[in-house]
Amino acid sequence: MATQDDKLKDIIGHAKEFGFIFPSSEIYDGLSATYDYGQLGVELKNNIKNYWWKSMVHLHENIVGIDAAIFMHPETWKASGHVDAFNDPLIDNKDSKKRYRADVLIEEHIEKIRTKINKDVAKGLKRFGKDFNEQEFRATNPNVLRREAEIKSIEDRMREGLEKENLDAIKQLIEDLGIACPISGSKNWTDVKQFNLMFSTELGSVSGESAKIYLRPETAQGIFVNFLNVQKSGRMKIPFGIAQIGKAFRNEIVARQFIFRMREFEQMEMQFFVRPGEEMRWYEHWKAFRINWHKVLGGDESNYRFHDHIKLAHYANAASDIEFNFPMGFKELEGIHSRTDFDLKQHEKHSGKKLRYFDPEINKSYVPYVIETSIGLDRMFLSVLTMAYKEETLEDGTKRTVLALPPALAPYKVAVMPLTKKDGLPDKAREIISRLKVDFNCQYDEKDSIGKRYRRQDVIGTPFSVTVDHQTLEDNTVTIRDRDTMAQERVAIADLHQIIDNKVSLRNLLKQL
Ligand code: GAP
């Protein structure tokens, strides 16, 4: 049976072989944790962006978008707390020389205990069948209770250590739990140290502290500093949101697992400005909206779960991650954070400019509270590939690899293929493409047998293949083949546009939101 590691390897190999993702500057042996999106990758990525933008901005009359610069005034990052507090607690294993995030090592240990609990539950279910009451079992079974108490005690110690920045206590916890390095298997750890994740460079030709600027580690601050510009120029009334898609940079020390954790990545963030005191209602609202956004893509719903933060970031009063079941297990895909008025207040303090909103409904001026939804575009890309990548055994015993991408996200929507290269069939195929290409990304393919050409479209996730044959020249009909069912149907060329549009339009997803 294929392991989770195998699945990640298969996805990485597939992404490279078919032009989705290449290692960056590969001819120079690559640059770690940086990747380039190839000819199909960029199409899939743009379709994800478009899905996000339309559902967040166009479907909400009170949300608008911006595109702020990557470079920002260096004071921004003092105000936001990133200069002082954007650190990871790192620990090295002296034998493997590998570096880890200390909190991640502990979280992974907790996850192992959770897996044991789930095994106990599964055993109970097997034993008692339909009479099994899972809730009662979890509330009363001594093994489950003991393990839950263990988890709580670990989480409490970790929270206290991180909140008080007591790095010795974090190291002690790792030692007490007997956590070993996954590579060397040894428990020979260094002390835990804090490491700032921002990249810096110099503005112009002058070097020195005053010219030091940072590559933004999140897009959110570009939104905060433009809060009043947008509010005033757009005559926005609270509650309202500002959305943005853009690059962010972090000097991740433990950068691995393909595009899951990169040093240069893209974020899709939205800050929703609300009246103080109403933030929890909006926090719940955005949690529900965002999980639904993922689920309407049609994957298995059990692949998503919420994970509430143990240690809140310096700016948050509530935070939850939407986790996805990646090939490496459940990991953060998106964060929903209640950021209070922290950022705007900090920018007021550091800039000396008022960032307030006069609320005519309550006749009061205040610094709004903020709910943020923040998703990594690259992680979203990986989650989509994970859901879509399938190796199937067909009824006749042959195998096929298929990317069952949500049709609205697929790079090509339709491939048009002349049965042979002769008798005017290529011209007819190109004529069909010229009609369809205004609305759908189309591919023309005339090489090899039709069977091979179908398989070539399956591996890149094209929802439809259209074959032009001699009958087409007589009656203007073609065969259309569905990627998922592999069923073929004879249809009129005049109906093609409608048939394709019904399946691949983004409308299908948007109307479910
Ligand atoms: N503005 C809030 C913020 O940046 P975050 O949890 O640090 O919060 C938000 O990041 C999202 O950005 C994450 O859920 C993840 O999807 C993505 N992300 C963060 N670091 C990343 C990295 N190194 N590589 C790829 N994606 C990353």
# chains A, B, ... in the order shown; residues from 1 in each chain; ligands from 1
$ select_by_dssp --residues "segment 102-247 of chain A" --states "strand (DSSP E)" --output "PyMOL selection string"
chain A and resi 193-196+200-202+212-214+240-247
$ write_last_selection --atoms "N, CA and C atoms" --output "PDB file, in the first residue's frame"
ATOM      1  N   LYS A 193      16.267  28.335  20.775  1.00  0.00           N
ATOM      2  CA  LYS A 193      16.607  29.747  20.528  1.00  0.00           C
ATOM      3  C   LYS A 193      15.533  30.394  19.660  1.00  0.00           C
ATOM      4  N   GLN A 194      15.345  31.704  19.827  1.00  0.00           N
ATOM      5  CA  GLN A 194      14.397  32.425  18.975  1.00  0.00           C
ATOM      6  C   GLN A 194      15.108  32.907  17.716  1.00  0.00           C
ATOM      7  N   PHE A 195      14.421  32.875  16.581  1.00  0.00           N
ATOM      8  CA  PHE A 195      15.034  33.268  15.310  1.00  0.00           C
ATOM      9  C   PHE A 195      14.037  34.127  14.541  1.00  0.00           C
ATOM     10  N   ASN A 196      14.437  35.362  14.157  1.00  0.00           N
ATOM     11  CA  ASN A 196      13.514  36.241  13.425  1.00  0.00           C
ATOM     12  C   ASN A 196      13.402  35.814  11.965  1.00  0.00           C
ATOM     13  N   SER A 200      15.762  40.904   5.212  1.00  0.00           N
ATOM     14  CA  SER A 200      15.969  42.355   5.088  1.00  0.00           C
ATOM     15  C   SER A 200      16.898  42.642   3.920  1.00  0.00           C
ATOM     16  N   THR A 201      16.824  43.883   3.437  1.00  0.00           N
ATOM     17  CA  THR A 201      17.754  44.331   2.405  1.00  0.00           C
ATOM     18  C   THR A 201      17.952  45.839   2.600  1.00  0.00           C
ATOM     19  N   GLU A 202      18.761  46.459   1.726  1.00  0.00           N
ATOM     20  CA  GLU A 202      18.996  47.894   1.888  1.00  0.00           C
ATOM     21  C   GLU A 202      18.358  48.681   0.763  1.00  0.00           C
ATOM     22  N   LYS A 212      17.682  50.112   6.189  1.00  0.00           N
ATOM     23  CA  LYS A 212      17.288  48.700   6.199  1.00  0.00           C
ATOM     24  C   LYS A 212      15.777  48.576   5.975  1.00  0.00           C
ATOM     25  N   ILE A 213      15.408  47.813   4.952  1.00  0.00           N
ATOM     26  CA  ILE A 213      13.974  47.548   4.776  1.00  0.00           C
ATOM     27  C   ILE A 213      13.755  46.039   4.696  1.00  0.00           C
ATOM     28  N   TYR A 214      12.490  45.656   4.852  1.00  0.00           N
ATOM     29  CA  TYR A 214      12.170  44.226   4.917  1.00  0.00           C
ATOM     30  C   TYR A 214      11.305  43.814   3.735  1.00  0.00           C
ATOM     31  N   PHE A 240     -16.780  46.454   6.852  1.00  0.00           N
ATOM     32  CA  PHE A 240     -16.325  46.291   5.470  1.00  0.00           C
ATOM     33  C   PHE A 240     -14.960  45.600   5.465  1.00  0.00           C
ATOM     34  N   GLY A 241     -14.620  45.079   4.284  1.00  0.00           N
ATOM     35  CA  GLY A 241     -13.369  44.328   4.203  1.00  0.00           C
ATOM     36  C   GLY A 241     -12.468  44.828   3.086  1.00  0.00           C
ATOM     37  N   ILE A 242     -11.159  44.583   3.245  1.00  0.00           N
ATOM     38  CA  ILE A 242     -10.183  44.861   2.184  1.00  0.00           C
ATOM     39  C   ILE A 242      -9.422  43.558   1.936  1.00  0.00           C
ATOM     40  N   ALA A 243      -9.362  43.186   0.654  1.00  0.00           N
ATOM     41  CA  ALA A 243      -8.742  41.905   0.300  1.00  0.00           C
ATOM     42  C   ALA A 243      -7.495  42.154  -0.533  1.00  0.00           C
ATOM     43  N   GLN A 244      -6.583  41.204  -0.496  1.00  0.00           N
ATOM     44  CA  GLN A 244      -5.364  41.349  -1.281  1.00  0.00           C
ATOM     45  C   GLN A 244      -4.734  39.976  -1.552  1.00  0.00           C
ATOM     46  N   ILE A 245      -4.169  39.848  -2.740  1.00  0.00           N
ATOM     47  CA  ILE A 245      -3.384  38.645  -3.069  1.00  0.00           C
ATOM     48  C   ILE A 245      -1.974  39.113  -3.375  1.00  0.00           C
ATOM     49  N   GLY A 246      -0.978  38.519  -2.754  1.00  0.00           N
ATOM     50  CA  GLY A 246       0.380  38.969  -3.085  1.00  0.00           C
ATOM     51  C   GLY A 246       1.450  38.120  -2.435  1.00  0.00           C
ATOM     52  N   LYS A 247       2.678  38.395  -2.846  1.00  0.00           N
ATOM     53  CA  LYS A 247       3.820  37.626  -2.342  1.00  0.00           C
ATOM     54  C   LYS A 247       4.147  38.011  -0.901  1.00  0.00           C
TER      55      LYS A 247
END
$ residues_near_ligand --ligand "ligand 1" --cutoff "8 Å" --atoms "only C-alpha atoms and all ligand atoms" --output "ChimeraX atom specification"
/A:217-221,249-252,255,259-269,321-322,332-335,337,372-380
$ write_last_selection --atoms "N, CA and C atoms" --output "short mmCIF file (atom, residue, chain, number, x, y, z; two decimals), in the first residue's frame"
data_model
loop_
_atom_site.label_atom_id
_atom_site.label_comp_id
_atom_site.auth_asym_id
_atom_site.auth_seq_id
_atom_site.Cartn_x
_atom_site.Cartn_y
_atom_site.Cartn_z
N PRO A 217 6.56 40.02 5.43
CA PRO A 217 6.33 38.62 5.81
C PRO A 217 4.85 38.25 5.78
N GLU A 218 3.99 39.23 5.58
CA GLU A 218 2.55 38.98 5.39
C GLU A 218 2.00 40.15 4.57
N THR A 219 0.92 39.91 3.84
CA THR A 219 0.36 41.00 3.03
C THR A 219 -0.53 41.92 3.88
N ALA A 220 -0.93 41.43 5.05
CA ALA A 220 -1.92 42.13 5.87
C ALA A 220 -1.55 43.59 6.16
N GLN A 221 -0.26 43.84 6.41
CA GLN A 221 0.10 45.22 6.82
C GLN A 221 -0.13 46.23 5.70
N PHE A 249 7.30 36.86 2.23
CA PHE A 249 8.62 36.23 2.34
C PHE A 249 8.94 35.93 3.79
N ARG A 250 9.40 34.74 4.05
CA ARG A 250 9.83 34.40 5.42
C ARG A 250 11.07 33.53 5.34
N ASN A 251 12.02 33.86 6.19
CA ASN A 251 13.25 33.07 6.19
C ASN A 251 13.04 31.81 7.01
N GLU A 252 12.18 30.94 6.49
CA GLU A 252 11.81 29.72 7.21
C GLU A 252 13.06 28.86 7.39
N ALA A 255 12.28 24.74 6.25
CA ALA A 255 11.48 24.83 5.03
C ALA A 255 11.57 23.50 4.32
N ILE A 259 5.82 22.64 -1.64
CA ILE A 259 5.36 24.03 -1.58
C ILE A 259 4.57 24.33 -0.31
N PHE A 260 4.59 23.39 0.65
CA PHE A 260 3.85 23.64 1.90
C PHE A 260 4.49 24.77 2.69
N ARG A 261 5.82 24.75 2.79
CA ARG A 261 6.50 25.80 3.55
C ARG A 261 7.65 26.32 2.69
N MET A 262 7.48 27.53 2.20
CA MET A 262 8.48 28.09 1.30
C MET A 262 9.01 29.40 1.88
N ARG A 263 10.10 29.87 1.28
CA ARG A 263 10.63 31.16 1.75
C ARG A 263 9.99 32.31 0.99
N GLU A 264 9.57 32.05 -0.22
CA GLU A 264 8.81 33.04 -1.00
C GLU A 264 7.50 32.38 -1.36
N PHE A 265 6.39 32.97 -0.94
CA PHE A 265 5.11 32.34 -1.19
C PHE A 265 4.06 33.41 -1.41
N GLU A 266 2.84 32.97 -1.67
CA GLU A 266 1.80 33.94 -1.94
C GLU A 266 0.66 33.78 -0.94
N GLN A 267 0.12 34.91 -0.51
CA GLN A 267 -1.00 34.86 0.44
C GLN A 267 -2.24 35.49 -0.18
N MET A 268 -3.39 35.02 0.25
CA MET A 268 -4.66 35.67 -0.11
C MET A 268 -5.30 36.04 1.22
N GLU A 269 -5.30 37.34 1.51
CA GLU A 269 -5.74 37.77 2.84
C GLU A 269 -6.87 38.77 2.72
N ASP A 321 -7.24 27.59 12.87
CA ASP A 321 -6.74 27.20 11.55
C ASP A 321 -7.74 26.26 10.90
N ILE A 322 -7.87 26.40 9.59
CA ILE A 322 -8.52 25.32 8.84
C ILE A 322 -7.38 24.41 8.44
N GLU A 332 -1.95 23.09 8.81
CA GLU A 332 -2.62 24.37 8.57
C GLU A 332 -2.65 24.73 7.09
N LEU A 333 -3.87 25.06 6.65
CA LEU A 333 -4.05 25.54 5.28
C LEU A 333 -4.39 27.03 5.29
N GLU A 334 -5.21 27.41 6.26
CA GLU A 334 -5.70 28.79 6.32
C GLU A 334 -5.88 29.19 7.78
N GLY A 335 -5.69 30.47 8.06
CA GLY A 335 -5.92 30.96 9.42
C GLY A 335 -7.05 31.96 9.44
N HIS A 337 -8.33 34.81 12.06
CA HIS A 337 -7.83 35.43 13.29
C HIS A 337 -8.68 36.62 13.68
N GLU A 372 -9.51 38.58 10.37
CA GLU A 372 -8.67 38.33 9.20
C GLU A 372 -8.88 36.89 8.72
N THR A 373 -9.00 36.74 7.39
CA THR A 373 -8.90 35.39 6.83
C THR A 373 -7.62 35.37 6.00
N SER A 374 -6.78 34.39 6.22
CA SER A 374 -5.46 34.39 5.57
C SER A 374 -5.13 32.99 5.08
N ILE A 375 -5.03 32.86 3.77
CA ILE A 375 -4.73 31.54 3.22
C ILE A 375 -3.51 31.62 2.31
N GLY A 376 -2.66 30.61 2.41
CA GLY A 376 -1.49 30.53 1.53
C GLY A 376 -1.93 29.94 0.20
N LEU A 377 -1.66 30.70 -0.87
CA LEU A 377 -2.07 30.23 -2.20
C LEU A 377 -1.36 28.93 -2.56
N ASP A 378 -0.09 28.83 -2.19
CA ASP A 378 0.69 27.64 -2.55
C ASP A 378 0.18 26.42 -1.78
N ARG A 379 -0.19 26.65 -0.51
CA ARG A 379 -0.74 25.53 0.26
C ARG A 379 -2.08 25.10 -0.31
N MET A 380 -2.84 26.10 -0.76
CA MET A 380 -4.13 25.78 -1.38
C MET A 380 -3.88 24.95 -2.64
#
$ residues_around --residues "segment 454-470 of chain A" --least-positions-apart "6" --cutoff "6 Å" --atoms "only C-alpha atoms" --output "VMD selection string"
chain A and resid 401 to 405 407 410 412 to 419 478 to 483
$ write_last_selection --atoms "N, CA, C and O atoms" --output "mmCIF file, in the first residue's frame"
data_model
loop_
_atom_site.group_PDB
_atom_site.id
_atom_site.type_symbol
_atom_site.label_atom_id
_atom_site.label_comp_id
_atom_site.auth_asym_id
_atom_site.auth_seq_id
_atom_site.Cartn_x
_atom_site.Cartn_y
_atom_site.Cartn_z
ATOM 1 N N THR A 401 -3.670 7.247 -14.386
ATOM 2 C CA THR A 401 -3.463 8.329 -13.431
ATOM 3 C C THR A 401 -4.315 9.489 -13.904
ATOM 4 O O THR A 401 -4.305 9.829 -15.091
ATOM 5 N N VAL A 402 -5.067 10.053 -12.968
ATOM 6 C CA VAL A 402 -5.947 11.155 -13.357
ATOM 7 C C VAL A 402 -5.854 12.258 -12.313
ATOM 8 O O VAL A 402 -5.713 11.992 -11.123
ATOM 9 N N LEU A 403 -5.883 13.491 -12.786
ATOM 10 C CA LEU A 403 -6.005 14.630 -11.868
ATOM 11 C C LEU A 403 -7.471 15.048 -11.915
ATOM 12 O O LEU A 403 -7.891 15.735 -12.854
ATOM 13 N N ALA A 404 -8.223 14.607 -10.906
ATOM 14 C CA ALA A 404 -9.654 14.925 -10.901
ATOM 15 C C ALA A 404 -9.849 16.323 -10.303
ATOM 16 O O ALA A 404 -10.444 16.487 -9.239
ATOM 17 N N LEU A 405 -9.320 17.312 -10.991
ATOM 18 C CA LEU A 405 -9.401 18.693 -10.491
ATOM 19 C C LEU A 405 -10.838 19.194 -10.566
ATOM 20 O O LEU A 405 -11.559 18.827 -11.503
ATOM 21 N N PRO A 407 -13.486 21.099 -12.079
ATOM 22 C CA PRO A 407 -13.401 21.586 -13.457
ATOM 23 C C PRO A 407 -13.124 23.093 -13.553
ATOM 24 O O PRO A 407 -12.398 23.542 -14.440
ATOM 25 N N ALA A 410 -9.345 23.608 -13.396
ATOM 26 C CA ALA A 410 -8.457 22.873 -14.310
ATOM 27 C C ALA A 410 -7.745 23.841 -15.274
ATOM 28 O O ALA A 410 -8.360 24.783 -15.760
ATOM 29 N N TYR A 412 -6.571 23.421 -18.479
ATOM 30 C CA TYR A 412 -7.287 23.388 -19.758
ATOM 31 C C TYR A 412 -8.683 22.885 -19.492
ATOM 32 O O TYR A 412 -8.882 21.960 -18.702
ATOM 33 N N LYS A 413 -9.657 23.462 -20.171
ATOM 34 C CA LYS A 413 -11.041 23.006 -19.991
ATOM 35 C C LYS A 413 -11.393 21.945 -21.021
ATOM 36 O O LYS A 413 -12.229 21.098 -20.768
ATOM 37 N N VAL A 414 -10.768 22.046 -22.188
ATOM 38 C CA VAL A 414 -11.113 21.093 -23.248
ATOM 39 C C VAL A 414 -9.919 20.895 -24.180
ATOM 40 O O VAL A 414 -9.184 21.840 -24.464
ATOM 41 N N ALA A 415 -9.749 19.621 -24.625
ATOM 42 C CA ALA A 415 -8.743 19.330 -25.655
ATOM 43 C C ALA A 415 -9.508 18.947 -26.915
ATOM 44 O O ALA A 415 -10.486 18.197 -26.840
ATOM 45 N N VAL A 416 -9.072 19.476 -28.046
ATOM 46 C CA VAL A 416 -9.745 19.149 -29.302
ATOM 47 C C VAL A 416 -8.762 18.358 -30.167
ATOM 48 O O VAL A 416 -7.622 18.778 -30.367
ATOM 49 N N MET A 417 -9.225 17.210 -30.647
ATOM 50 C CA MET A 417 -8.319 16.265 -31.310
ATOM 51 C C MET A 417 -8.897 15.780 -32.632
ATOM 52 O O MET A 417 -9.983 15.197 -32.647
ATOM 53 N N PRO A 418 -8.179 15.987 -33.733
ATOM 54 C CA PRO A 418 -8.623 15.359 -34.985
ATOM 55 C C PRO A 418 -8.244 13.874 -34.954
ATOM 56 O O PRO A 418 -7.146 13.547 -34.488
ATOM 57 N N LEU A 419 -9.169 13.022 -35.400
ATOM 58 C CA LEU A 419 -8.897 11.583 -35.352
ATOM 59 C C LEU A 419 -7.639 11.228 -36.145
ATOM 60 O O LEU A 419 -6.816 10.429 -35.712
ATOM 61 N N VAL A 478 -19.489 15.899 -33.007
ATOM 62 C CA VAL A 478 -18.185 15.432 -32.507
ATOM 63 C C VAL A 478 -18.435 14.477 -31.341
ATOM 64 O O VAL A 478 -19.548 14.418 -30.820
ATOM 65 N N THR A 479 -17.356 13.775 -30.931
ATOM 66 C CA THR A 479 -17.483 12.958 -29.727
ATOM 67 C C THR A 479 -16.901 13.766 -28.575
ATOM 68 O O THR A 479 -15.788 14.290 -28.684
ATOM 69 N N ILE A 480 -17.627 13.828 -27.481
ATOM 70 C CA ILE A 480 -17.084 14.516 -26.297
ATOM 71 C C ILE A 480 -16.917 13.478 -25.193
ATOM 72 O O ILE A 480 -17.817 12.676 -24.934
ATOM 73 N N ARG A 481 -15.712 13.470 -24.586
ATOM 74 C CA ARG A 481 -15.404 12.476 -23.567
ATOM 75 C C ARG A 481 -15.209 13.170 -22.225
ATOM 76 O O ARG A 481 -14.508 14.182 -22.134
ATOM 77 N N ASP A 482 -15.843 12.609 -21.201
ATOM 78 C CA ASP A 482 -15.777 13.179 -19.856
ATOM 79 C C ASP A 482 -14.603 12.550 -19.103
ATOM 80 O O ASP A 482 -14.478 11.332 -19.057
ATOM 81 N N ARG A 483 -13.737 13.409 -18.549
ATOM 82 C CA ARG A 483 -12.535 12.926 -17.842
ATOM 83 C C ARG A 483 -12.864 11.947 -16.718
ATOM 84 O O ARG A 483 -12.192 10.931 -16.549
#
$ residues_around --residues "segment 237-239 of chain A" --least-positions-apart "6" --cutoff "12 Å" --atoms "only C-alpha atoms" --output "NGL selection string"
:A and (60-64 or 227-228 or 230-231 or 271-276 or 278-279 or 281-282 or 356-362 or 365-371)
$ closest_residue --among "A:Ile106, A:Met198, A:Ala211, A:Leu40" --to "Glu175 of chain A" --atoms "only C-alpha atoms"
A:Ile106
$ atom_distance --atom1 "atom CA of Tyr35 of chain A" --atom2 "atom CA of Ile291 of chain A"
27.2 Å
$ select_by_dssp --residues "segment 119-339 of chain A" --states "helix (DSSP H, G or I)" --output "PyMOL selection string"
chain A and resi 119-131+134-140+142-163+167-176+209-211+220-224+227-233+258-260+279-295+301-303
$ closest_residue --among "A:Ile70, A:Ala318, A:Ala313, A:Ile493" --to "Met280 of chain A" --atoms "only C-alpha atoms"
A:Ala318
$ residues_around --residues "Arg146 of chain A" --least-positions-apart "5" --cutoff "12 Å" --atoms "only C-alpha atoms" --output "JSON, numbers by chain"
{"A": [113, 114, 116, 117, 138, 139, 140, 141, 151, 152, 153]}
$ write_last_selection --atoms "N, CA, C and O atoms" --output "compact mmCIF listing (two decimals), in the first residue's frame"
# COMPACT_ATOMS: atom_id res chain seq x y z
N ILE A 113 -0.55 11.11 20.33
CA ILE A 113 -1.46 10.68 21.42
C ILE A 113 -2.90 10.68 20.89
O ILE A 113 -3.68 9.77 21.16
N ARG A 114 -3.23 11.71 20.08
CA ARG A 114 -4.60 11.77 19.51
C ARG A 114 -4.87 10.55 18.63
O ARG A 114 -5.97 10.00 18.64
N LYS A 116 -3.69 7.63 19.04
CA LYS A 116 -3.98 6.49 19.93
C LYS A 116 -5.43 6.53 20.40
O LYS A 116 -6.11 5.52 20.46
N ILE A 117 -5.90 7.75 20.75
CA ILE A 117 -7.30 7.88 21.19
C ILE A 117 -8.23 7.41 20.07
O ILE A 117 -9.16 6.65 20.30
N ARG A 138 -15.97 8.47 24.68
CA ARG A 138 -14.92 9.47 24.87
C ARG A 138 -14.98 10.11 26.25
O ARG A 138 -13.97 10.51 26.82
N ALA A 139 -16.21 10.19 26.78
CA ALA A 139 -16.37 10.86 28.08
C ALA A 139 -16.08 9.95 29.26
O ALA A 139 -15.89 10.42 30.38
N THR A 140 -16.06 8.63 29.03
CA THR A 140 -15.95 7.72 30.18
C THR A 140 -14.78 6.72 30.12
O THR A 140 -14.34 6.22 31.15
N ASN A 141 -14.32 6.40 28.93
CA ASN A 141 -13.28 5.35 28.83
C ASN A 141 -12.00 5.79 29.54
O ASN A 141 -11.46 6.87 29.24
N ILE A 151 -2.68 15.15 27.12
CA ILE A 151 -2.62 16.20 26.08
C ILE A 151 -2.78 17.57 26.72
O ILE A 151 -2.05 18.51 26.44
N LYS A 152 -3.77 17.66 27.62
CA LYS A 152 -4.03 18.97 28.24
C LYS A 152 -2.82 19.45 29.02
O LYS A 152 -2.43 20.62 28.93
N SER A 153 -2.22 18.52 29.74
CA SER A 153 -1.07 18.94 30.55
C SER A 153 0.09 19.41 29.63
O SER A 153 0.75 20.40 29.92
$ closest_residue --among "A:Phe381, A:Asp341, A:Thr115, A:His350" --to "Val42 of chain A" --atoms "only C-alpha atoms"
A:Phe381
$ closest_residue --among "A:Val491, A:Arg256, A:Val104, A:Trp77" --to "Leu31 of chain A" --atoms "only C-alpha atoms"
A:Arg256
$ closest_residue --among "A:Ala429, A:Leu509, A:Met72, A:Leu8" --to "Thr477 of chain A" --atoms "only C-alpha atoms"
A:Ala429
$ closest_residue --among "A:Ile432, A:Leu125, A:Ala69, A:Ala408" --to "Ile223 of chain A" --atoms "only C-alpha atoms"
A:Ala69
$ decode --residues "segment 270-276 of chain A" --atoms "all heavy atoms" --output "PDB file, in the first residue's frame"
ATOM      1  N   MET A 270      -7.729  38.762   3.737  1.00  0.00           N
ATOM      2  CA  MET A 270      -8.820  39.734   3.794  1.00  0.00           C
ATOM      3  C   MET A 270      -8.944  40.204   5.240  1.00  0.00           C
ATOM      4  O   MET A 270      -8.994  39.390   6.164  1.00  0.00           O
ATOM      5  CB  MET A 270     -10.115  39.074   3.324  1.00  0.00           C
ATOM      6  CG  MET A 270     -11.267  40.007   3.071  1.00  0.00           C
ATOM      7  SD  MET A 270     -12.200  40.512   4.528  1.00  0.00           S
ATOM      8  CE  MET A 270     -12.870  38.970   5.106  1.00  0.00           C
ATOM      9  N   GLN A 271      -8.932  41.533   5.418  1.00  0.00           N
ATOM     10  CA  GLN A 271      -9.144  42.096   6.755  1.00  0.00           C
ATOM     11  C   GLN A 271     -10.549  42.675   6.775  1.00  0.00           C
ATOM     12  O   GLN A 271     -10.890  43.499   5.906  1.00  0.00           O
ATOM     13  CB  GLN A 271      -8.146  43.223   7.073  1.00  0.00           C
ATOM     14  CG  GLN A 271      -6.745  43.051   6.556  1.00  0.00           C
ATOM     15  CD  GLN A 271      -6.037  41.848   7.091  1.00  0.00           C
ATOM     16  OE1 GLN A 271      -5.464  41.095   6.318  1.00  0.00           O
ATOM     17  NE2 GLN A 271      -6.073  41.642   8.382  1.00  0.00           N
ATOM     18  N   PHE A 272     -11.316  42.261   7.748  1.00  0.00           N
ATOM     19  CA  PHE A 272     -12.712  42.698   7.844  1.00  0.00           C
ATOM     20  C   PHE A 272     -12.846  43.586   9.079  1.00  0.00           C
ATOM     21  O   PHE A 272     -12.601  43.143  10.199  1.00  0.00           O
ATOM     22  CB  PHE A 272     -13.608  41.457   7.946  1.00  0.00           C
ATOM     23  CG  PHE A 272     -15.038  41.733   7.614  1.00  0.00           C
ATOM     24  CD1 PHE A 272     -15.427  42.024   6.310  1.00  0.00           C
ATOM     25  CD2 PHE A 272     -16.002  41.694   8.604  1.00  0.00           C
ATOM     26  CE1 PHE A 272     -16.754  42.272   6.002  1.00  0.00           C
ATOM     27  CE2 PHE A 272     -17.339  41.948   8.305  1.00  0.00           C
ATOM     28  CZ  PHE A 272     -17.714  42.234   7.008  1.00  0.00           C
ATOM     29  N   PHE A 273     -13.161  44.860   8.844  1.00  0.00           N
ATOM     30  CA  PHE A 273     -13.176  45.867   9.912  1.00  0.00           C
ATOM     31  C   PHE A 273     -14.578  45.945  10.526  1.00  0.00           C
ATOM     32  O   PHE A 273     -15.562  46.149   9.801  1.00  0.00           O
ATOM     33  CB  PHE A 273     -12.760  47.229   9.347  1.00  0.00           C
ATOM     34  CG  PHE A 273     -11.360  47.203   8.773  1.00  0.00           C
ATOM     35  CD1 PHE A 273     -11.151  46.913   7.427  1.00  0.00           C
ATOM     36  CD2 PHE A 273     -10.251  47.435   9.575  1.00  0.00           C
ATOM     37  CE1 PHE A 273      -9.870  46.854   6.894  1.00  0.00           C
ATOM     38  CE2 PHE A 273      -8.963  47.371   9.050  1.00  0.00           C
ATOM     39  CZ  PHE A 273      -8.776  47.079   7.709  1.00  0.00           C
ATOM     40  N   VAL A 274     -14.646  45.760  11.848  1.00  0.00           N
ATOM     41  CA  VAL A 274     -15.958  45.690  12.511  1.00  0.00           C
ATOM     42  C   VAL A 274     -15.991  46.599  13.738  1.00  0.00           C
ATOM     43  O   VAL A 274     -14.950  47.056  14.220  1.00  0.00           O
ATOM     44  CB  VAL A 274     -16.306  44.239  12.943  1.00  0.00           C
ATOM     45  CG1 VAL A 274     -16.251  43.295  11.747  1.00  0.00           C
ATOM     46  CG2 VAL A 274     -15.360  43.737  14.044  1.00  0.00           C
ATOM     47  N   ARG A 275     -17.205  46.787  14.226  1.00  0.00           N
ATOM     48  CA  ARG A 275     -17.392  47.596  15.436  1.00  0.00           C
ATOM     49  C   ARG A 275     -16.844  46.810  16.635  1.00  0.00           C
ATOM     50  O   ARG A 275     -17.105  45.599  16.732  1.00  0.00           O
ATOM     51  CB  ARG A 275     -18.889  47.801  15.609  1.00  0.00           C
ATOM     52  CG  ARG A 275     -19.271  48.997  16.385  1.00  0.00           C
ATOM     53  CD  ARG A 275     -20.795  49.070  16.460  1.00  0.00           C
ATOM     54  NE  ARG A 275     -21.378  49.806  15.360  1.00  0.00           N
ATOM     55  CZ  ARG A 275     -22.698  49.815  15.087  1.00  0.00           C
ATOM     56  NH1 ARG A 275     -23.541  49.133  15.817  1.00  0.00           N
ATOM     57  NH2 ARG A 275     -23.144  50.511  14.071  1.00  0.00           N
ATOM     58  N   PRO A 276     -16.096  47.479  17.541  1.00  0.00           N
ATOM     59  CA  PRO A 276     -15.573  46.761  18.715  1.00  0.00           C
ATOM     60  C   PRO A 276     -16.730  46.094  19.472  1.00  0.00           C
ATOM     61  O   PRO A 276     -17.791  46.695  19.630  1.00  0.00           O
ATOM     62  CB  PRO A 276     -14.939  47.866  19.576  1.00  0.00           C
ATOM     63  CG  PRO A 276     -14.669  48.989  18.629  1.00  0.00           C
ATOM     64  CD  PRO A 276     -15.683  48.900  17.531  1.00  0.00           C
TER      65      PRO A 276
END
